[in-house]
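Participant: Structure supplied as my_file_23.txt; contents: compact mmCIF, C-alpha atoms.
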```
# COMPACT_ATOMS: atom_id res chain seq x y z
CA MET A 1 73.19 -69.89 35.91
CA MET A 2 72.14 -66.88 33.89
CA ARG A 3 68.93 -65.20 35.02
CA MET A 4 66.27 -64.33 32.48
CA ARG A 5 65.41 -60.93 33.89
CA PRO A 6 63.57 -59.73 30.74
CA LEU A 7 61.24 -62.73 30.83
CA ILE A 8 60.47 -62.18 34.49
CA LEU A 9 59.96 -58.45 34.05
CA GLY A 10 57.92 -59.07 30.95
CA THR A 11 55.50 -61.18 32.96
CA MET A 12 55.24 -58.48 35.62
CA ILE A 13 54.73 -55.71 33.09
CA GLY A 14 51.73 -57.49 31.65
CA PHE A 15 49.94 -56.59 34.88
CA MET A 16 51.35 -53.08 35.22
CA LEU A 17 51.32 -51.33 31.87
CA PRO A 18 48.25 -49.31 30.95
CA ALA A 19 46.52 -49.76 27.62
CA GLY A 20 47.83 -46.29 26.83
CA ILE A 21 51.11 -47.74 25.65
CA VAL A 22 49.51 -48.25 22.22
CA TYR A 23 48.92 -44.51 21.90
CA ALA A 24 50.99 -42.39 19.57
CA GLU A 25 54.11 -40.85 21.06
CA GLU A 26 52.60 -37.36 21.17
CA THR A 27 49.72 -38.54 23.41
CA LEU A 28 52.03 -39.81 26.16
CA LYS A 29 52.29 -37.26 28.94
CA PHE A 30 55.69 -37.73 30.53
CA ASP A 31 54.89 -35.40 33.37
CA ASP A 32 52.63 -38.22 34.58
CA ASN A 33 54.64 -40.40 36.99
CA ASN A 34 52.77 -43.57 35.93
CA VAL A 35 53.67 -42.93 32.28
CA ARG A 36 57.32 -42.41 33.21
CA ILE A 37 57.37 -45.63 35.25
CA ASN A 38 55.83 -47.69 32.48
CA TYR A 39 57.94 -46.17 29.75
CA SER A 40 61.10 -46.75 31.82
CA LEU A 41 60.19 -50.38 32.41
CA GLY A 42 59.41 -50.89 28.73
CA TYR A 43 62.68 -49.26 27.69
CA GLN A 44 64.62 -51.44 30.10
CA ILE A 45 62.98 -54.62 28.86
CA GLY A 46 63.55 -53.65 25.24
CA GLY A 47 67.20 -52.93 25.98
CA ASP A 48 67.64 -56.25 27.79
CA PHE A 49 66.14 -58.21 24.91
CA LYS A 50 68.28 -56.31 22.40
CA ARG A 51 71.48 -57.06 24.33
CA GLN A 52 70.52 -60.73 24.50
CA GLY A 53 69.84 -60.90 20.77
CA VAL A 54 66.14 -61.70 21.11
CA GLU A 55 64.11 -60.58 18.09
CA ILE A 56 61.09 -58.54 19.20
CA ASN A 57 57.84 -57.92 17.34
CA ALA A 58 56.52 -54.87 19.18
CA GLU A 59 53.01 -55.29 17.78
CA ALA A 60 52.77 -58.84 19.13
CA VAL A 61 54.16 -57.74 22.49
CA VAL A 62 51.56 -54.98 22.78
CA LYS A 63 48.76 -57.39 21.76
CA GLY A 64 49.82 -59.84 24.44
CA ILE A 65 49.83 -57.10 27.07
CA GLU A 66 46.41 -55.85 25.98
CA ASP A 67 44.89 -59.33 26.13
CA ALA A 68 46.38 -59.99 29.57
CA LEU A 69 45.08 -56.67 30.91
CA SER A 70 41.60 -57.13 29.45
CA GLY A 71 41.34 -60.76 30.50
CA ALA A 72 40.74 -61.85 26.90
CA GLN A 73 41.26 -65.45 25.84
CA PRO A 74 44.93 -65.79 24.88
CA MET A 75 45.58 -66.29 21.18
CA VAL A 76 48.21 -68.93 22.01
CA ASP A 77 47.49 -71.92 24.23
CA PRO A 78 48.95 -71.24 27.72
CA LYS A 79 50.92 -74.51 27.69
CA ALA A 80 52.34 -73.60 24.28
CA MET A 81 53.27 -70.14 25.62
CA GLN A 82 55.11 -71.72 28.54
CA ALA A 83 56.96 -74.08 26.22
CA THR A 84 57.84 -71.18 23.91
CA LEU A 85 59.25 -69.14 26.79
CA MET A 86 61.26 -72.11 28.06
CA ASP A 87 62.71 -72.64 24.57
CA LEU A 88 63.61 -68.94 24.46
CA LYS A 89 65.28 -69.15 27.84
CA ARG A 90 67.37 -72.15 26.78
CA LYS A 91 68.38 -70.37 23.57
CA VAL A 92 69.41 -67.18 25.35
CA VAL A 93 71.33 -69.06 28.05
CA ALA A 94 73.18 -71.07 25.37
CA GLN A 95 74.07 -67.86 23.53
CA GLN A 96 75.28 -66.21 26.73
CA ARG A 97 77.44 -69.21 27.61
CA ALA A 98 78.95 -69.25 24.13
CA LYS A 99 79.69 -65.54 24.35
CA LYS A 100 81.17 -65.98 27.82
CA GLY A 101 83.41 -68.77 26.50
CA GLU A 102 84.62 -66.56 23.65
CA THR A 103 85.34 -63.72 26.08
CA GLU A 104 87.30 -66.00 28.39
CA LEU A 105 89.43 -67.22 25.48
CA GLN A 106 90.13 -63.59 24.60
CA TYR A 107 91.19 -62.86 28.19
CA ILE A 108 93.54 -65.86 28.19
CA ALA A 109 95.11 -64.93 24.85
CA ALA A 110 95.53 -61.27 25.81
CA GLY A 111 97.07 -62.29 29.14
CA LYS A 112 99.62 -64.57 27.47
CA THR A 113 100.62 -61.82 25.04
CA PHE A 114 101.00 -59.35 27.89
CA MET A 115 103.15 -61.71 29.96
CA GLN A 116 105.39 -62.51 26.99
CA GLU A 117 106.01 -58.84 26.32
CA ASN A 118 106.28 -57.92 30.00
CA ALA A 119 108.98 -60.55 30.60
CA THR A 120 111.36 -58.58 28.39
CA LYS A 121 111.01 -55.32 30.31
CA GLU A 122 113.80 -53.99 32.48
CA GLY A 123 113.67 -55.15 36.08
CA VAL A 124 110.98 -57.78 35.52
CA LYS A 125 111.84 -61.31 36.62
CA THR A 126 109.94 -64.55 36.07
CA THR A 127 109.79 -67.38 38.61
CA GLU A 128 109.52 -71.08 37.88
CA SER A 129 105.77 -70.95 38.55
CA GLY A 130 105.24 -68.29 35.90
CA LEU A 131 104.84 -65.38 38.31
CA GLN A 132 106.47 -62.17 37.11
CA TYR A 133 107.60 -59.49 39.52
CA LYS A 134 109.52 -56.25 39.78
CA ILE A 135 110.95 -55.19 43.12
CA ILE A 136 110.54 -51.45 43.67
CA GLU A 137 111.99 -51.44 47.19
CA THR A 138 113.42 -54.49 48.98
CA GLY A 139 112.62 -53.27 52.50
CA LYS A 140 114.60 -53.72 55.70
CA GLY A 141 112.43 -55.72 58.08
CA LYS A 142 111.27 -59.34 58.18
CA SER A 143 110.41 -61.40 55.14
CA PRO A 144 107.07 -63.19 55.56
CA LYS A 145 106.56 -66.93 55.65
CA PRO A 146 103.37 -68.45 54.20
CA THR A 147 101.92 -68.92 57.71
CA ASP A 148 102.51 -65.29 58.70
CA GLN A 149 99.96 -62.54 58.93
CA VAL A 150 100.85 -59.61 56.70
CA THR A 151 99.56 -56.07 56.59
CA VAL A 152 99.73 -54.41 53.21
CA ASN A 153 98.55 -51.57 51.07
CA TYR A 154 97.88 -52.52 47.48
CA ARG A 155 96.34 -51.57 44.19
CA GLY A 156 95.07 -54.13 41.67
CA THR A 157 94.69 -53.39 37.97
CA LEU A 158 93.95 -55.26 34.77
CA THR A 159 96.54 -55.35 32.02
CA ASN A 160 94.75 -52.42 30.34
CA GLY A 161 95.35 -50.29 33.42
CA ASN A 162 91.79 -50.36 34.78
CA GLU A 163 91.78 -50.51 38.58
CA PHE A 164 89.52 -53.14 40.16
CA ASP A 165 90.62 -53.13 43.80
CA SER A 166 92.57 -50.86 46.13
CA SER A 167 93.19 -50.65 49.86
CA TYR A 168 94.16 -47.03 49.27
CA GLU A 169 90.63 -46.31 48.08
CA ARG A 170 89.19 -47.98 51.18
CA GLY A 171 91.40 -45.82 53.37
CA GLU A 172 93.04 -48.60 55.40
CA PRO A 173 95.56 -51.42 54.89
CA ALA A 174 94.49 -55.06 54.60
CA THR A 175 95.66 -57.77 57.00
CA PHE A 176 95.46 -61.49 56.28
CA SER A 177 97.33 -64.77 56.42
CA LEU A 178 99.70 -65.02 53.49
CA ASN A 179 98.66 -68.60 52.71
CA GLY A 180 95.00 -67.55 52.59
CA VAL A 181 95.23 -65.49 49.42
CA ILE A 182 95.89 -66.17 45.74
CA LYS A 183 99.06 -68.10 44.90
CA GLY A 184 100.74 -65.17 43.16
CA TRP A 185 100.57 -63.15 46.37
CA THR A 186 101.74 -65.99 48.59
CA GLU A 187 104.81 -66.46 46.43
CA GLY A 188 105.47 -62.84 45.58
CA LEU A 189 105.37 -61.25 49.02
CA GLN A 190 108.04 -63.64 50.29
CA LEU A 191 110.45 -61.90 47.91
CA ILE A 192 110.50 -58.65 49.89
CA LYS A 193 110.84 -57.48 53.49
CA GLU A 194 108.80 -55.19 55.71
CA GLY A 195 108.78 -51.73 54.20
CA GLY A 196 109.34 -53.17 50.75
CA LYS A 197 107.32 -52.58 47.62
CA ILE A 198 106.79 -54.99 44.75
CA GLN A 199 104.86 -55.14 41.51
CA LEU A 200 103.32 -58.53 40.78
CA PHE A 201 102.20 -59.69 37.33
CA ILE A 202 100.01 -62.70 37.97
CA PRO A 203 98.74 -65.13 35.30
CA PRO A 204 95.26 -66.66 35.77
CA ASP A 205 96.47 -69.98 37.21
CA LEU A 206 98.20 -68.08 40.04
CA ALA A 207 95.27 -65.67 40.46
CA TYR A 208 91.59 -66.62 40.37
CA GLY A 209 91.66 -69.32 37.70
CA GLY A 210 88.12 -69.74 36.41
CA ARG A 211 86.47 -68.28 39.54
CA GLY A 212 84.56 -65.04 40.02
CA PRO A 213 84.59 -61.73 38.15
CA MET A 214 88.37 -61.90 37.63
CA ALA A 215 88.21 -65.38 36.07
CA HIS A 216 90.85 -66.04 33.40
CA ARG A 217 92.32 -62.56 33.84
CA THR A 218 95.99 -61.69 34.12
CA LEU A 219 96.30 -59.26 37.02
CA ILE A 220 98.78 -56.62 38.17
CA PHE A 221 99.23 -55.71 41.83
CA ASP A 222 101.35 -52.94 43.30
CA VAL A 223 101.95 -54.03 46.89
CA GLU A 224 103.56 -52.31 49.87
CA LEU A 225 104.42 -54.72 52.69
CA ILE A 226 103.82 -52.74 55.87
CA SER A 227 104.38 -55.41 58.52
CA VAL A 228 104.76 -59.13 59.17
CA GLY A 229 103.44 -60.96 62.23
CA ASP A 230 102.82 -64.50 63.46
CA LYS A 231 99.61 -66.19 62.38
CA LYS A 232 96.69 -65.15 64.60
CA PRO A 233 94.16 -67.61 66.05
CA ALA A 234 91.29 -68.59 63.80
CA GLY A 235 88.48 -66.07 63.89
CA SER A 236 90.71 -63.07 64.71
CA ALA A 237 89.32 -59.93 63.13
CA THR A 238 91.66 -58.29 60.65
CA GLY A 239 91.38 -55.48 58.16
CA GLY A 240 91.78 -57.97 55.35
CA GLN A 241 88.89 -60.13 56.56
CA ALA A 242 86.67 -57.11 57.00
CA GLN A 243 87.48 -55.49 53.68
CA GLY A 244 88.20 -58.48 51.50
CA LYS A 245 91.50 -59.88 50.29
CA PRO A 246 93.18 -60.91 47.04
```
Please lay out the structure from this file as structure tokens.
Facilitator:
Amino acid sequence: MMRMRPLILGTMIGFMLPAGIVYAEETLKFDDNNVRINYSLGYQIGGDFKRQGVEINAEAVVKGIEDALSGAQPMVDPKAMQATLMDLKRKVVAQQRAKKGETELQYIAAGKTFMQENATKEGVKTTESGLQYKIIETGKGKSPKPTDQVTVNYRGTLTNGNEFDSSYERGEPATFSLNGVIKGWTEGLQLIKEGGKIQLFIPPDLAYGGRGPMAHRTLIFDVELISVGDKKPAGSATGGQAQGKP
């Protein structure tokens, strides 16, 4: 569920901001740490509300802060204020969900277009499941089975080339059970041998589906299969478990 950070911060600020916020800009002394803190908090809240599409009346905001600080009788009944804030929260959450839905549809459409175009490129093959791959080096060792442990180096990117994960950046390979990762990896790594390298183009249903930050994204992985071993007992520590895995 989306958090309403601006509303929470707004409540806190009512007890933190000095009355000086109503002063003209030239009277604010930004060498004063308290002024910098309060201005920074106000700027953050204003930015959050702007991004969430909440219309702000600065004069009313300032009046509310002043009344809270002075202990004056609120000009709106407290129960009505609570109801108003709850209505605002529901509105913002609905807007965020709608925007998220639109973004996900854009990811899906862009991914389909990419896969259609990618399928025509030299060396790229498509499996029955919809996985696309390009073998860079076949390798000369063992081919893994789903129950095997594999040790790999890899780099993951979005279709626009932005990198989101890399064992190279972490400075060590990842080790994990091949049937404990996303479907595109389980299928794809069985196509090469130890020492081999493969590029995997993975549609959402073979990647993270609707889960997590990579939800509905088509992903590209460049993978080097370093070694293949038998499945280790449950609870065995591996680089993949320590660092994360696809």
Participant: Just give me the gap between CA of Asp87 (chain A) and CA of Leu69 (chain A) in Å, one decimal is fine.
Facilitator: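 Between CA of Asp87 (chain A) and CA of Leu69 (chain A) the gap is 24.6 Å.
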Participant: Please identify all polymer residues lying at most 10 Å from the point (108.8, -56.8, 59.3) (file coordinates), using only C-alpha atoms, and present the result as a list in words.
Facilitator: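 The residues near that point, listed by chain and number, are Gly139, Lys140, Gly141, Lys142, Ser143, Pro144, Val150, Thr151, Ile192, Lys193, Glu194, Gly195, Gly196, Leu225, Ile226, Ser227, Val228 and Gly229 of chain A.
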Participant: Just the number, please: distance in Å from CA of Leu219 (chain A) to CA of Gly171 (chain A), one decimal.
Facilitator: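 Between CA of Leu219 (chain A) and CA of Gly171 (chain A) the gap works out to 21.7 Å.
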Participant: What does the distance from CA of Ala215 (chain A) to CA of Asp48 (chain A) come to in Å, to one decimal?
Facilitator: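 Computing it gives 24.0 Å between the two atoms.
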Participant: Between A:Val223, A:Leu88, A:Met115, A:Ile37, which residue has the minimum interatomic distance to Tyr154 (chain A), considering all atoms listed in the file?
Facilitator: A:Val223
Participant: Which residue is closest to Asn179 (chain A)? Choose from A:Thr147, A:Ser166, A:Asn38, A:Gln106 and count all atoms listed in the file.
Facilitator: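 Using all atoms listed in the file, the shortest distance to Asn179 (chain A) belongs to A:Thr147.
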Participant: From the options A:Glu66, A:Asp205, A:Glu163, A:Glu169, which residue's atoms come nearest to Thr218 (chain A), counting all atoms listed in the file?
Facilitator: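 Smallest separation from Thr218 (chain A) among the options: A:Asp205.
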Participant: Given the point (90.0, -63.5, 38.0) in the coordinates of this file, which residues lie within 10 Å, counting only C-alpha atoms, and how would they look as a PyMOL selection string?
Facilitator: chain A and resi 107+158+203-219+246
Participant: Restricted to C-alpha atoms, what would the selected residues look like written as a PDB file, in the coordinates of the input?
Facilitator:
```
ATOM      1  CA  TYR A 107      91.190 -62.860  28.190  1.00  0.00           C
ATOM      2  CA  LEU A 158      93.950 -55.260  34.770  1.00  0.00           C
ATOM      3  CA  PRO A 203      98.740 -65.130  35.300  1.00  0.00           C
ATOM      4  CA  PRO A 204      95.260 -66.660  35.770  1.00  0.00           C
ATOM      5  CA  ASP A 205      96.470 -69.980  37.210  1.00  0.00           C
ATOM      6  CA  LEU A 206      98.200 -68.080  40.040  1.00  0.00           C
ATOM      7  CA  ALA A 207      95.270 -65.670  40.460  1.00  0.00           C
ATOM      8  CA  TYR A 208      91.590 -66.620  40.370  1.00  0.00           C
ATOM      9  CA  GLY A 209      91.660 -69.320  37.700  1.00  0.00           C
ATOM     10  CA  GLY A 210      88.120 -69.740  36.410  1.00  0.00           C
ATOM     11  CA  ARG A 211      86.470 -68.280  39.540  1.00  0.00           C
ATOM     12  CA  GLY A 212      84.560 -65.040  40.020  1.00  0.00           C
ATOM     13  CA  PRO A 213      84.590 -61.730  38.150  1.00  0.00           C
ATOM     14  CA  MET A 214      88.370 -61.900  37.630  1.00  0.00           C
ATOM     15  CA  ALA A 215      88.210 -65.380  36.070  1.00  0.00           C
ATOM     16  CA  HIS A 216      90.850 -66.040  33.400  1.00  0.00           C
ATOM     17  CA  ARG A 217      92.320 -62.560  33.840  1.00  0.00           C
ATOM     18  CA  THR A 218      95.990 -61.690  34.120  1.00  0.00           C
ATOM     19  CA  LEU A 219      96.300 -59.260  37.020  1.00  0.00           C
ATOM     20  CA  PRO A 246      93.180 -60.910  47.040  1.00  0.00           C
TER      21      PRO A 246
END
```
Participant: Using the file's own x, y and z axes, so that the box edges lie along x, y and z, what centre and edge lengths in Å (one decimal) does a box around every listed atom of region 102-108 of chain A get when 6 Å is added on each side? Give it as JSON.
Facilitator:
```
{"center_x": 89.1, "center_y": -65.0, "center_z": 26.0, "size_x": 20.9, "size_y": 16.4, "size_z": 16.7}
```
Participant: Got a sec: who's within 9 Å of region 126-135 of chain A, counting all atoms listed in the file, leaving out chain neighbours fewer than 3 positions off, as a list in words?
Facilitator: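 Residues near the query, excluding close chain neighbours: Met115, Asn118, Ala119, Glu122, Gly123, Thr138, Gly184, Glu187, Gly188, Leu191, Ile192, Gly196, Lys197, Ile198, Gln199, Leu200, Phe201, Ile202, Pro203 and Leu206 of chain A.
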Participant: Taking only C-alpha atoms into account, which of A:Gly64, A:Trp185, A:Lys91, A:Asp165 comes nearest Pro78 (chain A)?
Facilitator: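 Of the candidates, the smallest distance to Pro78 (chain A) is held by A:Gly64.
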